file target_27.cif (mmCIF, C-alpha atoms and all ligand atoms)
data_work
#
loop_
_atom_site.label_atom_id
_atom_site.label_comp_id
_atom_site.auth_asym_id
_atom_site.auth_seq_id
_atom_site.Cartn_x
_atom_site.Cartn_y
_atom_site.Cartn_z
CA MET Q 1 -7.39 31.67 53.40
CA LEU Q 2 -10.79 30.07 52.94
CA ARG Q 3 -10.79 26.28 52.60
CA TYR Q 4 -13.02 23.26 53.07
CA LEU Q 5 -12.96 19.48 53.08
CA THR Q 6 -15.82 17.01 52.94
CA ALA Q 7 -16.02 13.40 54.14
CA GLY Q 8 -18.58 10.64 54.11
CA GLU Q 9 -19.78 7.66 52.10
CA SER Q 10 -23.08 7.73 50.22
CA HIS Q 11 -24.69 5.05 52.43
CA GLY Q 12 -22.59 5.67 55.55
CA PRO Q 13 -24.04 7.31 58.67
CA ALA Q 14 -23.45 10.91 57.56
CA LEU Q 15 -21.63 13.45 55.42
CA THR Q 16 -19.48 16.08 57.06
CA ALA Q 17 -17.82 19.31 55.95
CA ILE Q 18 -15.29 21.54 57.68
CA VAL Q 19 -15.05 25.14 56.51
CA GLU Q 20 -12.23 27.33 57.72
CA GLY Q 21 -11.40 30.98 57.11
CA LEU Q 22 -14.82 32.65 57.19
CA PRO Q 23 -14.72 36.00 59.02
CA ALA Q 24 -16.26 36.26 62.48
CA GLY Q 25 -19.61 38.02 62.81
CA LEU Q 26 -21.35 36.58 59.74
CA PRO Q 27 -25.04 35.95 60.52
CA LEU Q 28 -25.75 32.29 59.77
CA THR Q 29 -28.53 29.81 60.58
CA ALA Q 30 -29.03 26.11 59.86
CA ASP Q 31 -32.30 27.06 58.12
CA TYR Q 32 -30.38 29.11 55.58
CA ILE Q 33 -28.19 26.12 54.69
CA ASN Q 34 -31.19 23.77 54.68
CA THR Q 35 -32.95 25.86 52.03
CA GLN Q 36 -30.02 25.23 49.66
CA LEU Q 37 -29.86 21.54 50.60
CA ALA Q 38 -33.56 21.17 49.75
CA ARG Q 39 -33.04 22.89 46.38
CA ARG Q 40 -30.30 20.36 45.57
CA GLN Q 41 -32.68 17.48 46.23
CA GLY Q 42 -35.24 18.74 43.73
CA GLY Q 43 -35.64 18.52 39.98
CA TYR Q 44 -37.57 16.17 37.74
CA GLY Q 45 -35.75 12.92 36.92
CA ARG Q 46 -34.32 12.01 40.32
CA GLY Q 47 -34.47 8.40 41.57
CA GLY Q 48 -35.83 6.76 44.73
CA ARG Q 49 -33.08 8.00 47.06
CA MET Q 50 -34.45 11.53 47.16
CA LYS Q 51 -37.71 10.19 48.63
CA ILE Q 52 -35.72 8.73 51.53
CA GLU Q 53 -33.46 11.68 52.29
CA ASN Q 54 -34.52 15.00 53.77
CA ASP Q 55 -31.16 16.74 54.01
CA THR Q 56 -30.72 19.02 56.98
CA VAL Q 57 -27.53 20.25 58.58
CA ARG Q 58 -26.34 20.09 62.18
CA LEU Q 59 -23.92 22.89 62.98
CA LEU Q 60 -21.33 21.28 65.25
CA SER Q 61 -18.91 24.19 65.68
CA GLY Q 62 -17.94 27.68 64.61
CA VAL Q 63 -21.36 29.30 65.04
CA ARG Q 64 -22.81 30.70 68.26
CA GLY Q 65 -25.93 32.79 68.78
CA GLY Q 66 -26.58 32.93 65.05
CA VAL Q 67 -23.18 34.34 64.00
CA THR Q 68 -19.87 32.81 62.94
CA LEU Q 69 -17.03 32.87 65.49
CA GLY Q 70 -14.08 32.85 63.09
CA SER Q 71 -13.29 29.28 64.17
CA PRO Q 72 -13.79 26.28 61.84
CA VAL Q 73 -17.44 25.64 61.01
CA SER Q 74 -18.14 21.91 61.02
CA MET Q 75 -21.39 20.54 59.67
CA LEU Q 76 -23.07 17.15 59.66
CA ILE Q 77 -25.78 15.89 57.30
CA GLU Q 78 -27.25 12.51 58.24
CA ASN Q 79 -27.90 9.85 55.59
CA LYS Q 80 -31.37 8.54 56.42
CA ASP Q 81 -30.66 5.60 54.06
CA TRP Q 82 -27.90 4.47 56.47
CA ALA Q 83 -30.53 2.58 58.44
CA ASN Q 84 -30.94 0.27 55.40
CA TRP Q 85 -27.19 -0.17 54.88
CA SER Q 86 -25.67 -0.29 58.36
CA GLU Q 87 -24.58 -3.93 58.07
CA ILE Q 88 -23.07 -3.62 54.59
CA MET Q 89 -21.46 -0.26 55.39
CA SER Q 90 -20.21 -1.14 58.88
CA PRO Q 91 -16.56 -0.21 59.64
CA ALA Q 92 -16.18 -3.71 61.10
CA ALA Q 93 -16.05 -6.85 58.92
CA GLY Q 94 -19.46 -8.36 58.20
CA ALA Q 95 -20.55 -11.64 56.63
CA LYS Q 96 -22.96 -9.96 54.19
CA MET Q 97 -20.25 -7.77 52.66
CA ALA Q 98 -18.70 -10.41 50.41
CA GLU Q 99 -22.10 -11.81 49.50
CA LYS Q 100 -23.30 -8.38 48.30
CA ALA Q 101 -20.05 -7.32 46.60
CA VAL Q 102 -20.41 -5.31 43.36
CA SER Q 103 -18.19 -6.79 40.63
CA ARG Q 104 -19.47 -5.50 37.25
CA PRO Q 105 -18.17 -1.96 36.64
CA ARG Q 106 -20.53 0.58 35.05
CA PRO Q 107 -19.07 2.37 31.99
CA GLY Q 108 -18.88 6.07 32.77
CA HIS Q 109 -18.78 5.71 36.55
CA ALA Q 110 -15.59 5.66 38.63
CA ASP Q 111 -16.10 1.90 39.18
CA LEU Q 112 -13.34 0.35 37.04
CA ALA Q 113 -10.73 3.12 37.23
CA GLY Q 114 -11.25 3.38 41.01
CA ALA Q 115 -11.12 -0.39 41.58
CA LEU Q 116 -7.85 -0.66 39.63
CA LYS Q 117 -6.30 2.35 41.34
CA TYR Q 118 -7.12 1.38 44.94
CA ARG Q 119 -7.00 -2.43 44.35
CA HIS Q 120 -10.60 -2.91 45.43
CA GLY Q 121 -12.30 -6.19 44.53
CA ASP Q 122 -15.68 -4.84 45.68
CA ILE Q 123 -16.72 -1.83 43.60
CA ARG Q 124 -18.87 -0.62 46.50
CA ASN Q 125 -15.61 0.58 48.07
CA VAL Q 126 -15.33 2.98 45.10
CA LEU Q 127 -18.89 4.01 44.38
CA GLU Q 128 -19.67 4.96 47.97
CA ARG Q 129 -17.35 7.95 47.76
CA SER Q 130 -17.38 8.69 44.02
CA SER Q 131 -21.17 9.09 44.27
CA ALA Q 132 -22.58 12.59 43.90
CA ARG Q 133 -24.13 12.14 47.35
CA GLU Q 134 -20.96 13.98 48.45
CA THR Q 135 -22.31 17.14 46.84
CA ALA Q 136 -24.78 17.61 49.71
CA ALA Q 137 -21.74 18.48 51.86
CA ARG Q 138 -20.38 20.72 49.10
CA VAL Q 139 -23.66 22.60 48.88
CA ALA Q 140 -23.58 23.08 52.67
CA ALA Q 141 -20.09 24.59 52.38
CA GLY Q 142 -21.17 26.67 49.39
CA SER Q 143 -24.15 28.00 51.37
CA LEU Q 144 -21.75 29.61 53.81
CA ALA Q 145 -19.99 31.29 50.89
CA ARG Q 146 -23.34 32.39 49.45
CA ARG Q 147 -24.38 33.89 52.82
CA PHE Q 148 -21.07 35.74 53.03
CA LEU Q 149 -21.44 37.12 49.46
CA GLU Q 150 -24.98 38.31 50.22
CA GLU Q 151 -23.48 40.64 52.85
CA LEU Q 152 -21.59 42.31 49.98
CA GLY Q 153 -24.62 42.44 47.67
CA ILE Q 154 -23.33 39.64 45.41
CA THR Q 155 -26.04 37.17 44.32
CA ILE Q 156 -25.78 33.89 42.41
CA MET Q 157 -28.47 32.32 40.23
CA GLY Q 158 -28.41 29.18 38.11
CA GLN Q 159 -30.74 27.91 35.43
CA VAL Q 160 -30.98 24.82 33.24
CA LEU Q 161 -30.42 25.62 29.57
CA GLN Q 162 -30.71 22.16 28.06
CA ILE Q 163 -31.78 18.59 28.89
CA GLY Q 164 -30.54 16.11 26.29
CA ASP Q 165 -31.02 17.94 23.00
CA GLN Q 166 -34.02 19.94 24.26
CA GLN Q 167 -33.01 23.59 24.67
CA ALA Q 168 -34.61 26.37 26.67
CA SER Q 169 -34.66 29.92 25.34
CA VAL Q 170 -32.78 32.31 27.60
CA GLY Q 171 -33.08 36.04 28.01
CA GLU Q 172 -31.18 38.71 29.92
CA PHE Q 173 -32.92 38.87 33.27
CA SER Q 174 -32.27 40.80 36.47
CA PRO Q 175 -31.71 38.60 39.55
CA ALA Q 176 -35.29 39.34 40.73
CA GLN Q 177 -36.82 38.50 37.32
CA LEU Q 178 -34.80 35.32 37.06
CA GLU Q 179 -35.82 34.24 40.55
CA GLU Q 180 -39.47 34.92 39.71
CA ARG Q 181 -39.26 32.89 36.49
CA LEU Q 182 -37.57 29.95 38.19
CA ARG Q 183 -39.95 29.84 41.16
CA GLY Q 184 -42.11 26.75 40.99
CA SER Q 185 -40.14 25.34 38.06
CA ARG Q 186 -39.61 21.59 38.22
CA LEU Q 187 -36.38 21.77 36.27
CA LEU Q 188 -34.91 25.18 37.16
CA CYS Q 189 -35.69 26.08 33.54
CA ALA Q 190 -36.98 29.63 33.03
CA ASP Q 191 -38.87 28.66 29.85
CA SER Q 192 -42.06 26.75 30.74
CA GLU Q 193 -42.83 25.55 27.22
CA ALA Q 194 -39.36 24.04 26.85
CA GLU Q 195 -39.66 22.62 30.35
CA GLN Q 196 -42.65 20.49 29.35
CA LEU Q 197 -40.68 19.02 26.46
CA MET Q 198 -37.74 18.36 28.79
CA VAL Q 199 -40.01 16.49 31.20
CA LYS Q 200 -41.30 14.33 28.31
CA LEU Q 201 -37.75 13.58 27.22
CA ILE Q 202 -36.80 12.47 30.75
CA ASP Q 203 -39.88 10.22 30.87
CA ARG Q 204 -38.85 8.69 27.55
CA ALA Q 205 -35.33 8.02 28.80
CA ARG Q 206 -36.65 6.42 31.99
CA THR Q 207 -39.07 4.18 30.06
CA ASN Q 208 -36.20 3.04 27.84
CA GLY Q 209 -33.91 2.29 30.80
CA ASP Q 210 -31.74 5.15 29.59
CA THR Q 211 -30.46 8.44 31.06
CA LEU Q 212 -29.83 12.07 30.10
CA GLY Q 213 -27.45 14.95 30.76
CA GLY Q 214 -27.67 18.60 29.80
CA ILE Q 215 -26.32 22.11 30.27
CA PHE Q 216 -26.75 24.61 33.10
CA GLU Q 217 -25.69 28.20 33.46
CA ILE Q 218 -24.65 30.17 36.52
CA ARG Q 219 -24.74 33.97 36.73
CA VAL Q 220 -23.15 36.10 39.43
CA PHE Q 221 -24.62 39.57 39.88
CA GLY Q 222 -22.90 42.42 41.75
CA ALA Q 223 -19.25 41.29 41.65
CA PRO Q 224 -17.00 44.35 41.26
CA ALA Q 225 -14.09 44.58 38.83
CA GLY Q 226 -10.85 43.24 40.33
CA LEU Q 227 -11.56 39.75 41.75
CA GLY Q 228 -8.97 37.11 40.78
CA SER Q 229 -5.66 37.95 39.15
CA TYR Q 230 -3.67 37.56 35.92
CA VAL Q 231 -0.29 37.49 37.71
CA GLN Q 232 -0.13 33.73 38.32
CA TRP Q 233 -1.87 30.81 36.58
CA ASP Q 234 -3.52 29.50 39.71
CA ARG Q 235 -4.94 32.90 40.66
CA ARG Q 236 -6.93 33.31 37.42
CA LEU Q 237 -10.57 33.30 38.43
CA ASP Q 238 -11.77 31.77 35.14
CA GLY Q 239 -9.44 28.80 35.68
CA ARG Q 240 -10.60 28.40 39.27
CA LEU Q 241 -14.26 28.53 38.31
CA ALA Q 242 -13.68 25.99 35.53
CA ALA Q 243 -11.92 23.60 37.91
CA ALA Q 244 -14.65 23.97 40.53
CA LEU Q 245 -17.43 23.28 38.01
CA MET Q 246 -15.54 20.44 36.32
CA SER Q 247 -15.08 18.78 39.71
CA ILE Q 248 -18.84 18.20 39.95
CA GLN Q 249 -19.59 14.54 39.18
CA ALA Q 250 -20.52 14.05 35.48
CA VAL Q 251 -19.60 17.60 34.36
CA LYS Q 252 -17.53 17.27 31.17
CA GLY Q 253 -17.39 20.80 29.75
CA VAL Q 254 -17.21 24.37 31.09
CA GLU Q 255 -17.56 27.68 29.24
CA VAL Q 256 -16.99 31.26 30.35
CA GLY Q 257 -19.08 33.85 28.46
CA GLN Q 258 -19.30 33.01 24.76
CA GLY Q 259 -17.01 30.05 25.43
CA PHE Q 260 -16.66 27.61 22.53
CA ALA Q 261 -18.81 29.81 20.25
CA ALA Q 262 -16.14 32.56 20.42
CA ALA Q 263 -13.73 30.31 18.52
CA ALA Q 264 -15.91 30.63 15.41
CA ARG Q 265 -16.35 34.42 15.58
CA PHE Q 266 -14.34 37.41 14.39
CA GLY Q 267 -12.79 39.48 17.18
CA SER Q 268 -15.23 42.29 16.46
CA GLN Q 269 -18.10 39.90 17.36
CA ALA Q 270 -16.48 38.33 20.38
CA LEU Q 271 -14.96 41.21 22.36
CA ASP Q 272 -16.69 43.85 24.48
CA GLU Q 273 -16.02 47.53 23.70
CA ILE Q 274 -15.27 49.82 26.64
CA PHE Q 275 -17.37 52.86 27.64
CA TYR Q 276 -17.23 55.36 30.50
CA LYS Q 277 -19.88 57.43 32.24
CA LYS Q 278 -19.29 59.73 35.21
CA GLY Q 279 -20.85 58.21 38.32
CA ARG Q 280 -21.12 54.76 36.69
CA GLY Q 281 -17.45 54.39 35.80
CA PHE Q 282 -16.25 51.97 33.10
CA TYR Q 283 -18.83 49.67 31.56
CA ARG Q 284 -19.63 47.50 28.51
CA ARG Q 285 -22.68 47.33 26.25
CA THR Q 286 -22.07 43.65 25.50
CA ASN Q 287 -20.86 40.83 27.74
CA HIS Q 288 -19.33 38.23 25.43
CA ALA Q 289 -16.49 37.73 27.90
CA GLY Q 290 -18.90 36.64 30.62
CA GLY Q 291 -17.55 39.19 33.10
CA ILE Q 292 -13.92 37.99 33.23
CA GLU Q 293 -10.90 39.28 31.29
CA GLY Q 294 -7.37 38.13 32.08
CA GLY Q 295 -8.62 35.96 34.92
CA VAL Q 296 -10.02 39.08 36.64
CA THR Q 297 -13.67 40.14 37.00
CA ASN Q 298 -14.41 43.25 34.90
CA GLY Q 299 -17.55 44.41 36.72
CA GLU Q 300 -20.08 42.87 34.30
CA THR Q 301 -22.32 39.92 35.22
CA LEU Q 302 -20.30 36.72 35.49
CA VAL Q 303 -21.64 34.00 33.15
CA VAL Q 304 -20.41 30.40 33.23
CA ARG Q 305 -21.95 27.26 31.77
CA ALA Q 306 -21.34 23.57 32.40
CA ALA Q 307 -22.23 20.49 30.35
CA MET Q 308 -23.24 17.34 32.24
CA LYS Q 309 -23.00 13.95 30.55
CA PRO Q 310 -25.83 11.38 30.88
CA ILE Q 311 -26.03 9.50 34.20
CA PRO Q 312 -23.83 6.34 33.90
CA THR Q 313 -26.15 3.80 35.58
CA LEU Q 314 -28.49 2.44 32.91
CA ASN Q 315 -31.43 0.15 33.65
CA GLN Q 316 -30.72 -1.36 30.22
CA PRO Q 317 -27.06 -1.89 31.09
CA LEU Q 318 -24.14 -1.59 28.67
CA SER Q 319 -21.57 -4.33 28.28
CA SER Q 320 -18.91 -4.73 30.92
CA VAL Q 321 -16.54 -7.36 32.30
CA ASP Q 322 -16.82 -9.04 35.70
CA LEU Q 323 -13.84 -8.02 37.87
CA ALA Q 324 -13.58 -11.46 39.49
CA THR Q 325 -14.20 -13.83 36.55
CA LYS Q 326 -12.99 -11.54 33.68
CA GLU Q 327 -16.02 -12.83 31.75
CA PRO Q 328 -18.24 -10.45 29.73
CA ALA Q 329 -21.27 -9.35 31.75
CA PRO Q 330 -23.83 -6.53 31.71
CA ALA Q 331 -22.83 -3.59 33.95
CA SER Q 332 -24.31 -3.64 37.44
CA ILE Q 333 -27.53 -1.74 38.10
CA GLU Q 334 -27.77 0.44 41.19
CA ARG Q 335 -30.80 2.51 42.18
CA SER Q 336 -30.27 5.65 40.15
CA ASP Q 337 -31.35 9.03 38.84
CA THR Q 338 -32.49 9.34 35.20
CA CYS Q 339 -31.43 12.98 34.96
CA ALA Q 340 -29.86 15.23 37.61
CA VAL Q 341 -29.07 18.43 35.71
CA PRO Q 342 -31.19 20.70 37.99
CA ALA Q 343 -29.39 19.28 41.06
CA ALA Q 344 -26.04 19.81 39.33
CA CYS Q 345 -27.10 23.41 38.67
CA VAL Q 346 -27.65 24.02 42.39
CA ILE Q 347 -24.28 22.37 43.09
CA GLY Q 348 -22.82 24.65 40.39
CA GLU Q 349 -24.18 27.69 42.23
CA ALA Q 350 -22.53 26.43 45.41
CA VAL Q 351 -19.07 25.86 43.91
CA VAL Q 352 -19.19 29.19 42.06
CA ALA Q 353 -20.20 30.93 45.31
CA TRP Q 354 -17.26 29.26 46.99
CA GLU Q 355 -14.71 30.50 44.41
CA LEU Q 356 -16.15 34.02 44.53
CA ALA Q 357 -16.01 34.05 48.33
CA CYS Q 358 -12.35 32.92 48.20
CA ALA Q 359 -11.56 35.71 45.73
CA CYS Q 360 -13.30 38.27 47.98
CA MET Q 361 -11.44 37.05 51.08
CA GLU Q 362 -8.14 37.30 49.18
CA LYS Q 363 -8.83 40.83 47.98
CA PHE Q 364 -10.50 42.32 51.04
CA GLY Q 365 -9.15 40.18 53.90
CA GLY Q 366 -10.38 40.76 57.43
CA ASP Q 367 -10.89 38.50 60.44
CA SER Q 368 -14.30 39.98 61.15
CA LEU Q 369 -17.12 40.84 58.75
CA ASP Q 370 -16.92 44.51 59.83
CA GLU Q 371 -13.23 44.71 58.99
CA LEU Q 372 -13.84 43.09 55.61
CA LYS Q 373 -16.78 45.38 54.86
CA ASN Q 374 -14.64 48.47 55.61
CA ASN Q 375 -12.05 47.30 53.08
CA TRP Q 376 -14.80 46.46 50.59
CA GLU Q 377 -16.49 49.89 50.91
CA ARG Q 378 -13.18 51.72 50.45
CA TYR Q 379 -12.46 49.75 47.30
CA LEU Q 380 -15.94 50.34 45.88
CA SER Q 381 -15.67 54.10 46.43
CA TYR Q 382 -12.27 54.03 44.69
CA LEU Q 383 -13.92 52.25 41.72
CA ARG Q 384 -16.67 54.90 41.59
CA GLN Q 385 -14.09 57.73 41.57
CA VAL Q 386 -11.68 56.45 38.88
C1 LIG Q 401 -26.54 15.50 41.37
C2 LIG Q 401 -25.94 14.31 40.71
C3 LIG Q 401 -26.61 13.09 40.79
C4 LIG Q 401 -26.09 11.97 40.18
N1 LIG Q 401 -26.78 10.80 40.27
C5 LIG Q 401 -26.28 9.68 39.69
C6 LIG Q 401 -26.98 8.46 39.78
O1 LIG Q 401 -28.06 8.38 40.37
N2 LIG Q 401 -26.42 7.38 39.20
C7 LIG Q 401 -25.23 7.43 38.54
O2 LIG Q 401 -24.77 6.43 38.02
N3 LIG Q 401 -24.55 8.59 38.43
C8 LIG Q 401 -25.03 9.71 39.00
N4 LIG Q 401 -24.35 10.89 38.90
C9 LIG Q 401 -23.11 10.94 38.11
C10 LIG Q 401 -21.94 10.18 38.72
O3 LIG Q 401 -21.75 10.50 40.07
C11 LIG Q 401 -20.66 10.46 37.94
O4 LIG Q 401 -20.89 10.27 36.57
C12 LIG Q 401 -19.55 9.54 38.43
O5 LIG Q 401 -19.16 9.96 39.73
C13 LIG Q 401 -18.32 9.48 37.51
O6 LIG Q 401 -17.68 10.71 37.44
P1 LIG Q 401 -17.50 11.52 36.07
O7 LIG Q 401 -18.79 11.39 35.32
O8 LIG Q 401 -17.26 12.95 36.51
O9 LIG Q 401 -16.37 10.95 35.30
C14 LIG Q 401 -24.85 12.04 39.48
C15 LIG Q 401 -24.19 13.26 39.42
C16 LIG Q 401 -24.72 14.39 40.00
C17 LIG Q 401 -24.00 15.70 39.91
C1 LIG Q 402 -27.67 10.30 46.94
C2 LIG Q 402 -27.59 11.23 46.00
O1 LIG Q 402 -27.36 10.98 44.67
C3 LIG Q 402 -26.92 9.72 44.31
C4 LIG Q 402 -25.81 9.92 43.33
C5 LIG Q 402 -25.39 8.65 42.72
C6 LIG Q 402 -24.11 8.62 42.02
O2 LIG Q 402 -23.70 7.52 41.59
O3 LIG Q 402 -23.49 9.69 41.84
C7 LIG Q 402 -26.20 7.53 42.78
C8 LIG Q 402 -27.51 7.49 43.47
O4 LIG Q 402 -27.35 6.92 44.75
P1 LIG Q 402 -28.33 5.77 45.32
O5 LIG Q 402 -27.96 4.54 44.60
O6 LIG Q 402 -28.08 5.72 46.79
O7 LIG Q 402 -29.72 6.23 45.01
C9 LIG Q 402 -28.05 8.91 43.67
O8 LIG Q 402 -29.18 8.88 44.47
C10 LIG Q 402 -27.78 12.65 46.31
O9 LIG Q 402 -27.68 13.45 45.37
O10 LIG Q 402 -27.99 13.00 47.49
#

call {"tool": "encode", "arguments": {"input": "target_27.cif", "output": "structure tokens"}}
result
Amino acid sequence: MLRYLTAGESHGPALTAIVEGLPAGLPLTADYINTQLARRQGGYGRGGRMKIENDTVRLLSGVRGGVTLGSPVSMLIENKDWANWSEIMSPAAGAKMAEKAVSRPRPGHADLAGALKYRHGDIRNVLERSSARETAARVAAGSLARRFLEELGITIMGQVLQIGDQQASVGEFSPAQLEERLRGSRLLCADSEAEQLMVKLIDRARTNGDTLGGIFEIRVFGAPAGLGSYVQWDRRLDGRLAAALMSIQAVKGVEVGQGFAAAARFGSQALDEIFYKKGRGFYRRTNHAGGIEGGVTNGETLVVRAAMKPIPTLNQPLSSVDLATKEPAPASIERSDTCAVPAACVIGEAVVAWELACACMEKFGGDSLDELKNNWERYLSYLRQV
């Protein structure tokens, strides 16, 4: 079983992740993980924090000589901003803590619900962990999954489809074409004309003390038919992907394939007819299902989309109530992003990679990469023969 946990506060000394269950013998370097961490830090619309951080991982265990050992991989990403927060974030009591307490919950953040649940008077005790800073550790864990999937020829690409109400036009691209189109893009948007309008919209939001959300899409190329299962609710891959994407901070909607649009179509416009060719096996000419039927991959490209709501911290704050005085007060203002959809897209790639890697480990097993690859090859040749 593949599993991971993350720990760390946004302005604490570091974030950590422990990943267990990867096969031994997987080639892995810190540089590989760092490339993904740098992608997560990018995107137009980010706030001042990304100028401070330069996320890099320290591999503390589970990797030796450039390959995984089969033992837990633990990783550490330092928060450079910790230097500015060490007194306020100290594990020991400090005089400044009460003085700097946050007491005006921001609508849309975890502030109020978290303070009520854990009986915190200082909202900092909530926001430090509810912050999407945690996703740096998730992307590190997802990078290991991505590296593992690469060994099987499975690749994952995300792109931004919409910022606010500004849409990009999307085509059917091969992984190489998509990569080429996204290279150099500020917003991970494959459509440069739309990207310029998105940038303008983000500027407008920032000027108005406002924020934006949007939609991103993740595609998985090269996944064979047969990952996930229909036999039990919690083994359905569509459900697992939806949960993983929905768990990203500020994601409020997830679609697989046609998603919500399918509800308005006739069956003949929403389902994918089945064809067969010797040597190629079973295939479809359309992919409305987004590569999953019955919670199981069907061999077509996997397509999932997620909708992100606008960032909750507004520089023109909404109304709130002070936790201590119960008097009306504007919500607190923390340093903040204006729009973080491209970052969420990279995080989306990571969590999708993770779920795919789990499904592959469940189907093909193996304590070493060689053992797993033998099982994988046998299954693929079976698929080619049926
Ligand atoms: C990459 C990323 C960056 C984010 N940056 C901010 C931010 O700077 N300020 C903020 O208030 N919320 C930010 N958010 C959103 C909040 O973390 C999120 O809305 C909050 O945790 C409440 O959770 P919920 O929206 O899922 O209900 C960000 C989310 C992501 C994915
Ligand atoms: C630190 C990250 O994102 C943070 C997510 C976030 C939030 O409330 O979710 C609030 C901001 O934190 P700060 O106030 O420290 O600038 C973002 O910068 C990151 O993505 O690495």

call {"tool": "residues_near_ligand", "arguments": {"input": "target_27.cif", "ligand": "ligand LIG 401 (chain Q)", "cutoff": "9 Å", "atoms": "only C-alpha atoms and all ligand atoms", "output": "PyMOL selection string"}}
result
chain Q and resi 40-41+46-47+49+106+108-111+127+129-133+135-136+246-252+308-314+333-347

call {"tool": "residues_around", "arguments": {"input": "target_27.cif", "residues": "Ile88 of chain Q", "least_positions_apart": "3", "cutoff": "8 Å", "atoms": "all atoms listed in the file", "output": "list in words"}}
result
Trp85, Gly94, Lys96, Met97 and Lys100 of chain Q

call {"tool": "residues_around", "arguments": {"input": "target_27.cif", "residues": "segment 6-22 of chain Q", "least_positions_apart": "6", "cutoff": "7 Å", "atoms": "all atoms listed in the file", "output": "PyMOL selection string"}}
result
chain Q and resi 70-79+81-82+85+89+128-129+131+133-134+137+141

call {"tool": "closest_residue", "arguments": {"input": "target_27.cif", "among": "Q:Ala194, Q:Ala357, Q:Ala306, Q:Ala223", "to": "Ala243 of chain Q", "atoms": "all atoms listed in the file"}}
result
Q:Ala306

call {"tool": "atom_distance", "arguments": {"input": "target_27.cif", "atom1": "atom CA of Gly121 of chain Q", "atom2": "atom O10 of ligand LIG 402 (chain Q)"}}
result
25.0 Å

call {"tool": "residues_near_point", "arguments": {"input": "target_27.cif", "point": "(-39.3, 21.4, 37.5)", "cutoff": "6 Å", "atoms": "all atoms listed in the file", "output": "list in words"}}
result
Gly43, Tyr44, Ser185, Arg186, Leu187 and Leu188 of chain Q
